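These notes are about the structure you will find just below.
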Amino acid sequence: MKRILLYFLGLNLIAAAVVLNIRFDFGVAAFSSTMYTISEIYKISLGTSSIICYLLFVLAQCILSKKVTLPYLLEVPLSFAFGFLTDLYDFFIPDMEFHVLLRILLFAITMFVTAMGIYLCVKTNVVLTPPDGIVKTISEVFSIAFSTVKNTFDISMVIISVLLCLGNHTKLYGIGIGTILSALLLGRIINIYEKHLPMNIS
């Protein structure tokens, strides 16, 4: 029960943080930049674009590991559940008109919230969200630290977002200083949790 509760908390922290980053208007979190870009370019909900990307991540895990496992298959219904959860937060969290300094502070706090959500979902080892699943798979297949792969993955998502915008001749949706900071720092924050907040859940 403890494991499930912590996992559910982590999942909600990630979904809420994704929407909050959009509201603070400094650029969306790097790992969600591609989903947001697809959502804006093709005029679909953020949850729907998340589902599309997540299913692609599941497929990539199967290809990289050269196997189809139950944990991978469980990520499929989770993708739909997370998409629904994201749209739910997107519906209920209103637009915010805070002073720029307060928005900067809140954005910084949200990065730590996002990192905690990812950390909880990974450490509880229930069902990984596909972005975390693909990072973990790459980490295991190539024997690279999870936090290092996370940084690389986030930067790759930003690059893909930029290419999508350029290819569709649109503005750079959701790309800002916050996106760059999250790409550079989110993995490092997770690494801080790994070192200073060890978790042994039985």
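Residues in the structure tokens are named by chain (A, B, ... in the order shown) and by number from 1 within that chain; ligands are numbered from 1 in the order shown.
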
Quiz item: Hey, what's within 12 Å of segment 181-188 of chain A if we count only C-alpha atoms and toss same-chain stuff fewer than 6 positions away? As a ChimeraX atom specification, please?
Solution: /A:17-18,21,26-33,104,107-119,132,135,145-159,175,194-195

Determine, using only C-alpha atoms, which residues of segment 100-167 of chain A have any atom at most 8 Å from an atom of segment 52-67 of chain A, and tabulate each with its shortest atom pair and distance in Å to one decimal place, rows ordered by chain and then rising number, as a tab-separated table.
```
residue	atom	partner	partner_atom	distance
A:Thr129	CA	A:Tyr54	CA	7.9
A:Pro130	CA	A:Tyr54	CA	5.3
A:Pro131	CA	A:Phe57	CA	6.5
A:Gly133	CA	A:Gln61	CA	7.3
A:Ile134	CA	A:Gln61	CA	5.5
A:Thr137	CA	A:Gln61	CA	6.2
A:Ile138	CA	A:Leu64	CA	7.5
A:Val141	CA	A:Ser65	CA	6.8
```

Can you spit out the residues from that selection as an mmCIF file, in the first residue's frame, using N, CA and C atoms?
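Saved as result-v9.cif:
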```cif
data_model
loop_
_atom_site.group_PDB
_atom_site.id
_atom_site.type_symbol
_atom_site.label_atom_id
_atom_site.label_comp_id
_atom_site.auth_asym_id
_atom_site.auth_seq_id
_atom_site.Cartn_x
_atom_site.Cartn_y
_atom_site.Cartn_z
ATOM 1 N N THR A 129 6.313 5.722 -15.820
ATOM 2 C CA THR A 129 5.758 6.482 -16.928
ATOM 3 C C THR A 129 6.696 6.260 -18.109
ATOM 4 N N PRO A 130 6.177 6.193 -19.332
ATOM 5 C CA PRO A 130 7.039 5.905 -20.481
ATOM 6 C C PRO A 130 8.265 6.797 -20.638
ATOM 7 N N PRO A 131 8.192 8.121 -20.346
ATOM 8 C CA PRO A 131 9.432 8.902 -20.435
ATOM 9 C C PRO A 131 10.495 8.400 -19.459
ATOM 10 N N GLY A 133 10.474 5.350 -18.272
ATOM 11 C CA GLY A 133 10.764 3.985 -18.700
ATOM 12 C C GLY A 133 11.826 3.940 -19.782
ATOM 13 N N ILE A 134 11.725 4.833 -20.760
ATOM 14 C CA ILE A 134 12.713 4.840 -21.842
ATOM 15 C C ILE A 134 14.073 5.271 -21.312
ATOM 16 N N THR A 137 15.449 2.281 -19.409
ATOM 17 C CA THR A 137 15.862 1.243 -20.353
ATOM 18 C C THR A 137 17.210 1.588 -20.983
ATOM 19 N N ILE A 138 17.352 2.834 -21.423
ATOM 20 C CA ILE A 138 18.633 3.266 -22.006
ATOM 21 C C ILE A 138 19.736 3.160 -20.968
ATOM 22 N N VAL A 141 20.497 -0.658 -20.582
ATOM 23 C CA VAL A 141 21.062 -1.276 -21.780
ATOM 24 C C VAL A 141 22.507 -0.824 -22.018
#
```

Practice problem: Mind checking which residues fall within 12 Å of Phe98 of chain A, counting only C-alpha atoms, ignoring those fewer than 5 positions away in the same chain, and posting them as a PyMOL selection string? | Solution: chain A and resi 23-25+103-107

Quiz prompt | Among the residues A:Ser39, A:Val127, A:Thr170, A:Phe84, the one that comes closest to Leu6 of chain A [using only C-alpha atoms] | solution = A:Val127
